[in-house]
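As stored in coords.txt (compact mmCIF, C-alpha atoms):
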# COMPACT_ATOMS: atom_id res chain seq x y z
CA MET V 1 -1.48 2.26 4.30
CA ASN V 2 -2.63 5.75 3.30
CA VAL V 3 -5.65 4.33 1.46
CA TYR V 4 -6.52 2.40 4.63
CA ASP V 5 -6.09 5.50 6.80
CA SER V 6 -8.23 7.60 4.44
CA ASP V 7 -11.03 5.03 4.62
CA ARG V 8 -10.87 4.97 8.41
CA MET V 9 -11.06 8.77 8.62
CA GLN V 10 -14.20 8.61 6.52
CA ASP V 11 -15.58 5.97 8.92
CA LEU V 12 -14.83 8.25 11.88
CA MET V 13 -16.63 11.22 10.36
CA ASN V 14 -19.54 9.10 9.08
CA ALA V 15 -20.04 7.91 12.67
CA VAL V 16 -20.64 11.50 13.85
CA GLY V 17 -23.07 12.45 11.11
CA TYR V 18 -20.95 13.41 8.10
CA GLU V 19 -21.62 11.93 4.67
CA ASN V 20 -19.19 11.51 1.78
CA THR V 21 -19.48 13.76 -1.26
CA ASP V 22 -17.71 13.72 -4.63
CA LYS V 23 -18.24 17.47 -5.05
CA ILE V 24 -15.82 19.61 -3.09
CA GLU V 25 -18.06 22.68 -3.49
CA ASP V 26 -20.73 20.86 -1.41
CA ALA V 27 -18.36 19.80 1.36
CA ASP V 28 -18.61 21.08 4.93
CA MET V 29 -15.26 19.44 5.62
CA VAL V 30 -12.22 18.56 3.50
CA ILE V 31 -9.47 16.22 4.69
CA ILE V 32 -6.21 16.07 2.77
CA ASN V 33 -4.38 12.88 3.78
CA THR V 34 -0.71 13.17 2.92
CA CYS V 35 2.30 10.92 2.30
CA HIS V 36 5.88 12.09 2.91
CA ILE V 37 7.53 9.31 0.89
CA ARG V 38 6.97 10.92 -2.51
CA GLU V 39 9.09 13.77 -3.83
CA LYS V 40 7.98 17.33 -3.12
CA ALA V 41 5.19 16.13 -0.83
CA SER V 42 4.95 19.44 1.04
CA GLU V 43 4.75 21.48 -2.17
CA LYS V 44 1.96 19.27 -3.47
CA LEU V 45 0.05 19.73 -0.22
CA PHE V 46 0.14 23.53 -0.41
CA SER V 47 -0.80 23.40 -4.08
CA ASP V 48 -3.88 21.36 -3.14
CA LEU V 49 -4.68 23.76 -0.32
CA GLY V 50 -4.61 26.61 -2.82
CA ARG V 51 -7.39 24.92 -4.78
CA VAL V 52 -9.38 24.18 -1.62
CA ARG V 53 -9.07 27.83 -0.53
CA ILE V 54 -11.26 28.97 -3.44
CA HIS V 55 -14.08 26.66 -2.33
CA LYS V 56 -13.77 27.69 1.32
CA GLU V 57 -13.96 31.36 0.35
CA ASN V 58 -17.05 30.64 -1.78
CA LYS V 59 -18.68 29.21 1.37
CA ASN V 60 -17.72 32.33 3.37
CA GLY V 61 -15.26 30.28 5.37
CA GLN V 62 -17.87 27.73 6.44
CA MET V 63 -15.72 24.70 5.60
CA ILE V 64 -13.43 22.82 7.98
CA VAL V 65 -10.08 21.97 6.36
CA ALA V 66 -7.93 19.25 7.93
CA VAL V 67 -4.44 18.13 6.93
CA ALA V 68 -3.64 14.58 8.02
CA GLY V 69 -0.89 12.03 7.46
CA CYS V 70 2.88 12.09 7.39
CA VAL V 71 3.37 15.60 5.98
CA ALA V 72 1.15 16.86 8.79
CA GLN V 73 3.37 15.00 11.27
CA ALA V 74 6.55 16.41 9.73
CA GLU V 75 5.43 20.01 9.19
CA GLY V 76 3.20 20.51 12.25
CA GLU V 77 2.46 24.14 13.15
CA GLU V 78 4.24 25.32 10.01
CA ILE V 79 1.15 24.29 8.01
CA PHE V 80 -0.96 26.86 9.87
CA LYS V 81 1.64 29.53 9.10
CA ARG V 82 1.75 28.76 5.38
CA SER V 83 -1.98 28.25 4.86
CA LYS V 84 -4.52 30.29 6.82
CA ILE V 85 -7.44 28.11 5.67
CA VAL V 86 -6.28 25.02 7.60
CA ASP V 87 -8.26 24.36 10.78
CA ILE V 88 -6.84 20.99 11.88
CA VAL V 89 -3.43 19.30 11.63
CA VAL V 90 -3.40 15.66 12.71
CA GLY V 91 -0.74 12.96 12.42
CA PRO V 92 -1.09 9.38 11.14
CA GLU V 93 -1.03 7.96 14.68
CA SER V 94 -3.58 10.39 16.12
CA TYR V 95 -6.31 10.75 13.48
CA GLN V 96 -8.69 8.77 15.72
CA THR V 97 -9.23 12.10 17.52
CA LEU V 98 -10.60 13.83 14.41
CA PRO V 99 -14.22 14.01 15.64
CA ASP V 100 -13.08 15.64 18.91
CA LEU V 101 -10.86 18.10 17.01
CA VAL V 102 -13.74 19.01 14.70
CA GLY V 103 -15.99 19.59 17.72
CA LYS V 104 -13.43 21.94 19.28
CA VAL V 105 -13.08 23.90 16.04
CA LEU V 106 -16.84 24.37 15.87
CA ARG V 107 -17.24 25.26 19.56
CA GLU V 108 -14.15 27.34 20.12
CA ASN V 109 -13.48 28.68 16.60
CA LYS V 110 -9.83 27.82 17.23
CA LYS V 111 -7.29 25.82 15.21
CA GLN V 112 -6.48 22.35 16.53
CA ILE V 113 -3.40 20.11 16.28
CA ASN V 114 -2.64 16.57 17.47
CA LEU V 115 0.65 14.89 16.57
CA ASP V 116 0.79 12.37 19.42
CA PHE V 117 2.05 8.84 18.79
CA SER V 118 -0.63 6.61 20.29
CA PRO V 119 -1.27 3.62 17.95
CA ASN V 120 -2.76 1.43 20.68
CA GLU V 121 -5.38 4.07 21.47
CA LYS V 122 -5.95 4.65 17.76
CA PHE V 123 -7.04 1.10 17.01
CA ASP V 124 -9.17 0.96 20.16
CA LEU V 125 -11.13 4.03 19.05
CA LEU V 126 -11.54 3.39 15.32
CA PRO V 127 -15.11 2.38 14.36
CA ASN V 128 -15.85 -0.68 12.27
CA SER V 129 -16.42 -0.16 8.55
CA LYS V 130 -19.80 -1.38 7.36
CA ASN V 131 -21.37 -2.25 4.02
CA LEU V 132 -17.98 -2.44 2.34
CA ASN V 133 -19.42 -3.80 -0.93
CA GLN V 134 -16.00 -5.04 -1.96
CA ALA V 135 -14.24 -8.38 -2.26
CA SER V 136 -10.77 -7.21 -1.26
CA SER V 137 -9.86 -5.16 1.80
CA PHE V 138 -6.83 -3.76 3.60
CA LEU V 139 -6.23 -4.65 7.26
CA THR V 140 -3.47 -2.91 9.20
CA VAL V 141 -1.62 -5.24 11.58
CA GLN V 142 1.61 -3.29 12.18
CA GLU V 143 2.73 0.31 11.98
CA GLY V 144 5.93 2.25 12.34
CA CYS V 145 9.56 1.42 11.69
CA ASP V 146 12.72 0.85 13.74
CA LYS V 147 15.05 0.34 10.76
CA PHE V 148 16.20 3.96 10.20
CA CYS V 149 17.29 3.63 6.59
CA THR V 150 19.24 6.80 5.86
CA PHE V 151 16.91 7.90 3.03
CA CYS V 152 13.58 7.36 4.80
CA VAL V 153 11.31 9.57 6.91
CA VAL V 154 8.93 6.83 8.11
CA PRO V 155 10.50 6.33 11.59
CA TYR V 156 10.08 10.07 12.20
CA THR V 157 6.52 10.39 10.88
CA ARG V 158 5.03 6.99 11.84
CA GLY V 159 7.00 6.30 15.00
CA SER V 160 8.53 3.06 16.25
CA GLU V 161 7.27 -0.39 15.33
CA TYR V 162 3.94 -1.31 16.90
CA SER V 163 1.98 -4.54 16.39
CA ARG V 164 -1.70 -5.03 17.11
CA ASP V 165 -2.77 -8.04 19.15
CA VAL V 166 -3.85 -11.20 17.36
CA LYS V 167 -7.39 -11.22 18.78
CA SER V 168 -8.23 -7.73 17.47
CA ILE V 169 -6.87 -8.51 14.01
CA TYR V 170 -8.72 -11.83 13.84
CA GLU V 171 -11.98 -10.16 14.88
CA ASP V 172 -11.50 -7.53 12.17
CA ALA V 173 -10.79 -10.23 9.59
CA LEU V 174 -13.87 -12.19 10.68
CA ARG V 175 -16.03 -9.07 10.41
CA LEU V 176 -14.64 -8.32 6.94
CA SER V 177 -15.45 -11.86 5.85
CA GLU V 178 -19.03 -11.42 7.07
CA GLU V 179 -19.23 -8.25 4.93
CA GLY V 180 -18.36 -10.35 1.85
CA VAL V 181 -14.60 -9.74 1.69
CA LYS V 182 -12.78 -12.66 0.05
CA GLU V 183 -9.23 -11.29 0.06
CA ILE V 184 -7.33 -9.54 2.86
CA TYR V 185 -4.15 -7.49 2.51
CA LEU V 186 -2.26 -7.43 5.81
CA LEU V 187 -0.57 -4.03 6.03
CA GLY V 188 2.44 -2.66 7.83
CA GLN V 189 5.39 -0.39 7.21
CA ASN V 190 7.42 -3.49 8.12
CA VAL V 191 4.66 -6.04 8.12
CA ASN V 192 6.91 -9.09 8.48
CA ALA V 193 8.30 -7.57 11.69
CA TYR V 194 4.85 -8.22 13.19
CA HIS V 195 5.15 -9.39 16.81
CA GLY V 196 1.72 -8.92 18.40
CA PHE V 197 0.51 -10.96 21.38
CA ASP V 198 -2.06 -13.76 21.21
CA GLU V 199 -4.82 -14.51 23.74
CA ASN V 200 -2.31 -16.28 26.03
CA ARG V 201 0.05 -13.27 25.97
CA ASN V 202 2.54 -15.21 23.86
CA GLN V 203 4.29 -13.21 21.18
CA SER V 204 3.07 -14.18 17.74
CA SER V 205 4.60 -13.74 14.28
CA LEU V 206 3.29 -12.83 10.85
CA ALA V 207 3.48 -16.50 9.87
CA LYS V 208 1.26 -17.55 12.77
CA LEU V 209 -1.11 -14.64 12.10
CA ILE V 210 -1.50 -15.70 8.45
CA GLU V 211 -2.27 -19.26 9.56
CA LYS V 212 -4.93 -17.98 11.96
CA ILE V 213 -6.65 -15.79 9.37
CA ALA V 214 -6.49 -18.65 6.86
CA SER V 215 -8.71 -20.63 9.25
CA ILE V 216 -11.64 -18.34 8.35
CA ASP V 217 -13.45 -20.40 5.71
CA SER V 218 -14.84 -17.52 3.65
CA ILE V 219 -11.47 -15.76 3.38
CA GLU V 220 -10.04 -17.23 0.18
CA ARG V 221 -6.95 -15.08 -0.39
CA ILE V 222 -4.33 -13.51 1.87
CA ARG V 223 -1.55 -11.07 0.93
CA TYR V 224 0.84 -8.93 2.96
CA THR V 225 2.90 -5.82 2.31
CA THR V 226 5.46 -4.27 2.80
CA SER V 227 8.27 -6.55 3.97
CA HIS V 228 11.90 -6.00 4.87
CA PRO V 229 14.60 -8.57 4.03
CA ARG V 230 15.88 -8.49 7.63
CA ASP V 231 12.56 -9.89 8.87
CA MET V 232 12.07 -12.58 6.20
CA THR V 233 12.25 -15.61 8.50
CA GLN V 234 12.27 -19.25 7.46
CA GLU V 235 8.97 -19.66 9.33
CA LEU V 236 7.37 -17.05 7.08
CA ILE V 237 8.96 -18.56 3.97
CA ASN V 238 7.49 -21.95 4.95
CA VAL V 239 4.01 -20.41 5.14
CA HIS V 240 4.28 -19.68 1.42
CA ARG V 241 4.66 -23.44 1.00
CA ASP V 242 2.07 -24.61 3.51
CA VAL V 243 -0.86 -22.15 3.37
CA GLY V 244 -2.72 -22.37 0.09
CA LYS V 245 -4.68 -19.18 0.75
CA LEU V 246 -1.47 -17.11 0.84
CA MET V 247 -1.03 -15.81 -2.68
CA PRO V 248 2.21 -16.60 -4.58
CA PHE V 249 3.35 -12.99 -4.67
CA LEU V 250 5.80 -11.07 -2.49
CA HIS V 251 6.86 -7.43 -2.50
CA LEU V 252 10.33 -7.43 -0.94
CA PRO V 253 12.18 -4.13 -1.38
CA VAL V 254 15.93 -4.43 -1.85
CA GLN V 255 16.57 -0.77 -2.89
CA SER V 256 20.03 -1.52 -4.35
CA GLY V 257 22.08 -4.46 -5.58
CA SER V 258 25.34 -2.97 -4.29
CA ASN V 259 26.72 -3.90 -0.89
CA ASN V 260 28.41 -0.51 -0.72
CA VAL V 261 25.15 1.37 -1.28
CA LEU V 262 23.19 -0.96 1.01
CA LYS V 263 25.66 -0.10 3.78
CA LEU V 264 25.30 3.63 3.06
CA MET V 265 21.53 3.16 3.20
CA ASN V 266 21.80 1.37 6.58
CA ARG V 267 19.73 -1.49 5.20
CA LYS V 268 21.61 -4.06 7.35
CA HIS V 269 21.39 -6.78 4.70
CA THR V 270 23.66 -7.67 1.79
CA ARG V 271 22.98 -8.63 -1.82
CA GLN V 272 24.08 -12.18 -0.97
CA GLU V 273 21.55 -12.38 1.85
CA TYR V 274 18.84 -11.14 -0.52
CA PHE V 275 19.79 -13.82 -3.07
CA ASP V 276 19.59 -16.43 -0.30
CA ILE V 277 16.10 -15.31 0.70
CA ILE V 278 14.92 -15.46 -2.91
CA ALA V 279 16.38 -18.96 -3.35
CA ARG V 280 14.62 -20.23 -0.21
CA LEU V 281 11.35 -18.60 -1.27
CA ARG V 282 11.49 -20.23 -4.69
CA GLU V 283 12.29 -23.58 -3.12
CA ALA V 284 9.24 -23.26 -0.87
CA CYS V 285 6.95 -21.78 -3.56
CA PRO V 286 8.39 -22.36 -7.06
CA ASP V 287 5.84 -20.15 -8.86
CA ILE V 288 6.14 -17.16 -6.54
CA ALA V 289 6.16 -13.77 -8.30
CA LEU V 290 8.52 -11.18 -6.87
CA SER V 291 8.31 -7.41 -6.71
CA SER V 292 10.74 -4.88 -5.28
CA ASP V 293 11.70 -1.21 -4.85
CA PHE V 294 14.83 0.37 -6.31
CA ILE V 295 16.45 3.73 -5.68
CA VAL V 296 19.00 4.91 -8.25
CA GLY V 297 21.50 7.71 -7.78
CA PHE V 298 21.74 7.30 -4.03
CA PRO V 299 24.56 9.49 -2.58
CA GLY V 300 27.85 7.74 -3.22
CA GLU V 301 26.47 5.34 -5.88
CA SER V 302 29.22 4.67 -8.45
CA ASP V 303 28.91 3.15 -11.91
CA LYS V 304 29.97 -0.18 -10.42
CA ASP V 305 27.35 0.10 -7.69
CA PHE V 306 24.67 0.75 -10.29
CA ASN V 307 25.88 -2.18 -12.41
CA ASP V 308 25.59 -4.40 -9.33
CA THR V 309 21.93 -3.40 -9.12
CA ILE V 310 21.40 -4.25 -12.79
CA ASP V 311 23.11 -7.60 -12.16
CA LEU V 312 20.81 -8.36 -9.23
CA ILE V 313 17.73 -7.57 -11.33
CA GLU V 314 18.94 -9.81 -14.15
CA LYS V 315 19.57 -12.69 -11.75
CA VAL V 316 16.34 -12.44 -9.71
CA LYS V 317 13.88 -11.59 -12.53
CA PHE V 318 10.93 -9.62 -11.14
CA SER V 319 7.28 -9.62 -12.16
CA GLN V 320 6.79 -5.91 -11.38
CA CYS V 321 8.72 -3.23 -9.53
CA TYR V 322 8.78 0.36 -8.34
CA SER V 323 11.85 2.45 -9.13
CA PHE V 324 12.79 6.04 -8.34
CA LYS V 325 15.59 8.55 -8.53
CA TYR V 326 16.97 9.38 -5.11
CA SER V 327 15.62 12.67 -3.79
CA LYS V 328 16.42 14.33 -0.50
CA ARG V 329 14.07 14.03 2.45
CA PRO V 330 14.65 16.81 5.00
CA GLY V 331 15.96 15.50 8.30
CA THR V 332 17.31 12.21 6.94
CA PRO V 333 21.06 11.44 7.10
CA ALA V 334 21.36 10.87 3.34
CA SER V 335 20.09 14.37 2.62
CA GLU V 336 23.20 15.77 4.34
CA SER V 337 25.65 13.61 2.39
CA SER V 338 28.37 15.35 0.41
CA MET V 339 28.33 12.55 -2.20
CA GLN V 340 25.15 13.58 -4.08
CA VAL V 341 24.85 12.19 -7.62
CA GLU V 342 24.22 14.55 -10.55
CA GLU V 343 20.62 14.62 -11.84
CA THR V 344 21.66 13.79 -15.40
CA ILE V 345 23.38 10.62 -14.17
CA LYS V 346 20.29 9.71 -12.13
CA ASP V 347 18.12 10.17 -15.22
CA GLU V 348 20.35 7.93 -17.35
CA ARG V 349 20.52 5.20 -14.72
CA LEU V 350 16.77 5.26 -14.05
CA ALA V 351 16.00 4.96 -17.77
CA GLN V 352 18.31 1.95 -18.11
CA LEU V 353 16.94 0.27 -14.99
CA GLN V 354 13.29 0.84 -15.91
CA LYS V 355 13.85 -0.50 -19.42
CA LEU V 356 15.10 -3.77 -17.92
CA LEU V 357 12.32 -3.96 -15.33
CA THR V 358 9.66 -3.25 -17.96
CA GLN V 359 10.98 -6.02 -20.18
CA GLN V 360 10.94 -8.45 -17.26
CA GLN V 361 7.32 -7.53 -16.51
CA ILE V 362 6.40 -8.02 -20.20
CA ASP V 363 8.14 -11.41 -20.26
CA PHE V 364 6.38 -12.47 -17.05
CA ASN V 365 2.95 -11.51 -18.38
CA ASN V 366 3.63 -13.13 -21.76
CA SER V 367 4.28 -16.43 -20.00
CA PHE V 368 0.58 -16.69 -19.12
CA LYS V 369 -0.79 -16.62 -22.67
CA ASN V 370 -3.14 -19.55 -23.32
CA LYS V 371 -3.12 -20.49 -19.64
CA THR V 372 -5.99 -20.38 -17.16
CA LEU V 373 -5.78 -18.27 -14.02
CA LYS V 374 -8.12 -17.93 -11.08
CA VAL V 375 -9.11 -14.28 -11.02
CA LEU V 376 -10.86 -12.40 -8.22
CA PHE V 377 -13.12 -9.69 -9.63
CA GLU V 378 -12.82 -7.22 -6.83
CA LYS V 379 -15.67 -4.75 -7.21
CA GLN V 380 -19.34 -5.52 -6.67
CA SER V 381 -20.84 -2.15 -7.54
CA PRO V 382 -22.12 -1.65 -11.13
CA LYS V 383 -20.68 1.88 -10.88
CA SER V 384 -17.26 0.37 -11.51
CA LEU V 385 -18.29 -0.94 -14.93
CA LYS V 386 -16.58 0.53 -17.96
CA THR V 387 -17.96 0.14 -21.45
CA SER V 388 -15.33 -0.94 -23.98
CA SER V 389 -15.12 0.25 -27.58
CA ASN V 390 -16.94 -2.83 -28.91
CA ASN V 391 -20.02 -2.07 -26.76
CA LYS V 392 -19.20 -4.86 -24.32
CA ILE V 393 -18.88 -4.43 -20.58
CA GLN V 394 -15.23 -4.35 -19.56
CA LEU V 395 -14.31 -5.59 -16.10
CA TRP V 396 -11.07 -6.19 -14.24
CA GLY V 397 -9.84 -8.41 -11.46
CA LYS V 398 -6.59 -9.67 -9.96
CA SER V 399 -4.68 -12.88 -10.61
CA PRO V 400 -2.90 -14.75 -7.79
CA TYR V 401 0.27 -12.96 -8.95
CA LEU V 402 -1.32 -9.50 -8.54
CA GLN V 403 -1.68 -8.91 -12.28
CA SER V 404 -4.68 -6.92 -13.49
CA VAL V 405 -6.87 -9.16 -15.66
CA ILE V 406 -9.39 -7.60 -18.06
CA ILE V 407 -12.39 -9.35 -19.59
CA ASP V 408 -15.26 -8.29 -21.85
CA LEU V 409 -18.86 -9.31 -21.08
CA ASP V 410 -22.08 -8.92 -23.02
CA SER V 411 -24.28 -7.44 -20.30
CA GLU V 412 -24.31 -5.75 -16.91
CA GLU V 413 -26.21 -8.77 -15.56
CA GLU V 414 -23.26 -11.00 -16.40
CA ALA V 415 -20.97 -8.47 -14.75
CA ARG V 416 -22.99 -8.42 -11.54
CA ASN V 417 -22.86 -12.21 -11.42
CA ILE V 418 -19.08 -12.31 -11.28
CA PHE V 419 -18.31 -9.35 -9.01
CA GLY V 420 -16.76 -10.42 -5.73
CA LYS V 421 -16.11 -13.98 -6.90
CA ILE V 422 -13.16 -16.01 -8.15
CA HIS V 423 -13.45 -17.32 -11.70
CA ASP V 424 -11.30 -19.38 -14.05
CA VAL V 425 -10.13 -17.03 -16.80
CA GLU V 426 -8.43 -18.14 -20.02
CA ILE V 427 -5.66 -15.66 -20.86
CA LEU V 428 -5.87 -14.59 -24.50
CA ASN V 429 -3.29 -11.83 -24.61
CA SER V 430 -0.91 -9.84 -22.44
CA ARG V 431 0.00 -6.20 -22.11
CA PRO V 432 2.92 -4.61 -20.25
CA SER V 433 0.82 -4.07 -17.13
CA SER V 434 -2.19 -6.36 -17.55
CA LEU V 435 -3.63 -9.56 -19.01
CA VAL V 436 -6.64 -9.93 -21.31
CA GLY V 437 -8.84 -12.99 -20.92
CA ARG V 438 -12.28 -14.53 -21.08
CA ILE V 439 -14.56 -16.67 -18.96
CA ASN V 440 -15.72 -19.53 -21.16
CA ASN V 441 -18.73 -20.52 -19.10
CA ILE V 442 -19.88 -17.91 -16.62
CA SER V 443 -22.83 -19.89 -15.31
CA HIS V 444 -20.56 -22.75 -14.25
CA SER V 445 -17.74 -20.65 -12.78
CA ASN V 446 -17.01 -21.02 -9.07

Whole structure, structure tokens version:
Amino acid sequence: MNVYDSDRMQDLMNAVGYENTDKIEDADMVIINTCHIREKASEKLFSDLGRVRIHKENKNGQMIVAVAGCVAQAEGEEIFKRSKIVDIVVGPESYQTLPDLVGKVLRENKKQINLDFSPNEKFDLLPNSKNLNQASSFLTVQEGCDKFCTFCVVPYTRGSEYSRDVKSIYEDALRLSEEGVKEIYLLGQNVNAYHGFDENRNQSSLAKLIEKIASIDSIERIRYTTSHPRDMTQELINVHRDVGKLMPFLHLPVQSGSNNVLKLMNRKHTRQEYFDIIARLREACPDIALSSDFIVGFPGESDKDFNDTIDLIEKVKFSQCYSFKYSKRPGTPASESSMQVEETIKDERLAQLQKLLTQQQIDFNNSFKNKTLKVLFEKQSPKSLKTSSNNKIQLWGKSPYLQSVIIDLDSEEEARNIFGKIHDVEILNSRPSSLVGRINNISHSN
């Protein structure tokens, strides 16, 4: 979502005459787009601002500095107090006003802030991206969260759940397809809670939205992230069976395998319900690859609770996962708990959990040796080429299961011919986080 938002902020500023630069010393404006999910997000922001300050001073102050995103939403006016170089603070639901805020800074020489929650207005005002030069693109369909997990700041920084209407999303998908995009990632903080209205003012669902986007001939792949178990309906599970363009991969965060911890987290699902969802998914789509999120050392997590998480991982078997030690987020209920777990215990549990998850990912990747996968090579620009040690051109793409697939080619011409296309790739070897393969006949690949 933050990558998507950063791209849209660039689109907004490009539309009013700004151009992108890779050199901060040349910039007339710097935008730091922030995420509050990661640990010590505020500290990292002010560390970055310290580096930007040097460049602003070198330009005699003639550089607009904006802080956007969820840290901006959470910290607000405090950012101005802690960093004098910041000119604009704007939240993730109000960054569509950036051009107006920049204009006011230039005209009035006065700091500007906008932390309003107005997602409907945001999507109405965002300009269309053009000349994407990429085969895969994000498309936001839903924002915000009504779940209020006790560890999470998203409901406070992104607001309540909001779904865009079907027509606007379809038009965006159609435009992306005309720009050469072959794969669309449907995005949302709780994307499977999508409930936008169609042209007849009937409430739709993510399943129906996927079916509609799949009707666009030139869109060959569809993915969605991130989902919540509470919103994993049978209708959506059936789409994994019935829509061939929907890739056999699902990121479905469970966070813990312990019913006790899940209750403390306010997840409103149980381990048994998660197992049931996985069983129905695998019945509908037997080859589906599963990913998840895990938090270890959550306040009140006992040895038994942690062992329940290990048991869940062993039973489900994941293709890849994200895992973290619990860390406090100011303003969340869990941060006030008196049952905090010692850091040394968190470290030990995380090491054990990640060892198991890493082995599962290795085993999953190893299972594709000597098989052929359809791989989408996602970049079209020759600038993305990397020369390997044997003087061949090394390129990467994505398998249907979201694995990175690396191939070596003899020339940049061959590389240009496969960018943005799906090719049959024979898998020669596997690595913990990628596959190595080859295209046997490039000229006859589809």

Exercise for review: Name all residues at most 12 Å from Lys374 in chain V (count all atoms listed in the file; drop same-chain ones fewer than 3 positions away) and give them as a PyMOL selection string.
Suggested key: chain V and resi 220-221+247+368+371+377+397-405+421-427+437-439+445-446

Review point. Counting all atoms listed in the file, which residues come within 12 Å of (8.4, -11.8, 19.7), with the point read in the file's coordinates, and could you list them as a PyMOL selection string?
Key: chain V and resi 162-163+165+192-198+201-208+231

Review point. Which distance in Å separates CA of Val254 in chain V and CA of Leu312 in chain V, to one decimal?
Key: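 Straight-line distance from CA of Val254 in chain V to CA of Leu312 in chain V works out to 9.7 Å.
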
Go through range 94-199 of chain V residue by residue and, counting all atoms listed in the file, keep those with an atom at most 9 Å from range 45-64 of chain V; for each kept residue give the shortest atom pair and its distance in Å to one decimal, ordered by chain and increasing number, as a Markdown table.
| residue | atom | partner | partner_atom | distance |
| --- | --- | --- | --- | --- |
| V:Val102 | CA | V:Ile64 | CA | 7.7 |
| V:Val105 | CA | V:Ile64 | CA | 8.1 |
| V:Leu106 | CA | V:Ile64 | CA | 8.7 |

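Among the candidate residues V:Val436, V:Cys152, V:Asn200, V:Lys304, the one lying nearest to Asn370 in chain V is V:Val436, with distances computed using all atoms listed in the file.
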
Point to revise | For Glu283 in chain V, the nearest of the candidates V:Arg241, V:Gln359, V:Gly297, V:Glu77, counting all atoms listed in the file | key: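 Looking at the shortest contact to Glu283 in chain V, the residue is V:Arg241.
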
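Using only C-alpha atoms, the protein and nucleic acid residues lying no more than 7 Å from range 298-303 of chain V, apart from those fewer than 6 places from it along its own chain, are Val261, Tyr326, Ala334, Ser337, Met339, Gln340 and Val341 of chain V.
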
Check your understanding: In Å, how far is it from CA of Ile37 in chain V to CA of Val153 in chain V?
Key -> 7.1 Å

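Take CA of Met265 in chain V and CA of Thr332 in chain V: the distance between them is 10.7 Å.
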
Study note, to complete from the structure: Closest of V:Asp410, V:Glu25, V:Asp347, V:Asp287 to Phe364 in chain V, counting only C-alpha atoms, is V:Asp287

Point to revise | Surrounding residues of Gln360 in chain V excluding itself and chain neighbours under 5 positions, 10 Å, all atoms listed in the file, as JSON, numbers by chain | key: {"V": [313, 314, 317, 318, 319, 320, 321, 354, 355, 365, 366, 432]}

May I have the residues within 7 Å of Lys369 in chain V as a PDB file with C-alpha atoms, in the coordinates of the input, using only C-alpha atoms and disregarding those fewer than 4 positions away in the same chain?
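out-v1.pdb, freshly written:
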ATOM      1  CA  ILE V 427      -5.660 -15.660 -20.860  1.00  0.00           C
ATOM      2  CA  LEU V 428      -5.870 -14.590 -24.500  1.00  0.00           C
ATOM      3  CA  ASN V 429      -3.290 -11.830 -24.610  1.00  0.00           C
ATOM      4  CA  SER V 430      -0.910  -9.840 -22.440  1.00  0.00           C
TER       5      SER V 430
END

Point to revise | Counting all atoms listed in the file, the residue of V:Glu179, V:Glu235, V:Glu161, V:Glu171 that sits nearest Asp146 in chain V | key: V:Glu161

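Every protein or nucleic acid residue with an atom no more than 9 Å from Gly188 in chain V, counting all atoms listed in the file and leaving out same-chain residues fewer than 4 positions away, appears here: Met1, Leu139, Thr140, Val141, Gln142, Glu143, Gly144, Ser163, Asn192, Ala193, Tyr194, Tyr224, Thr225, Thr226 and Ser227 of chain V.
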
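Between Lys40 in chain V and the residues V:Glu342, V:Arg329, V:Ile393, V:Val86, the shortest atom-to-atom distance, using all atoms listed in the file, involves V:Arg329.
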
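Nearest-residue note for Leu98 in chain V: choosing from V:Ala15, V:Phe138, V:Phe80, V:Ala41, the minimum distance belongs to V:Ala15, counting all atoms listed in the file.
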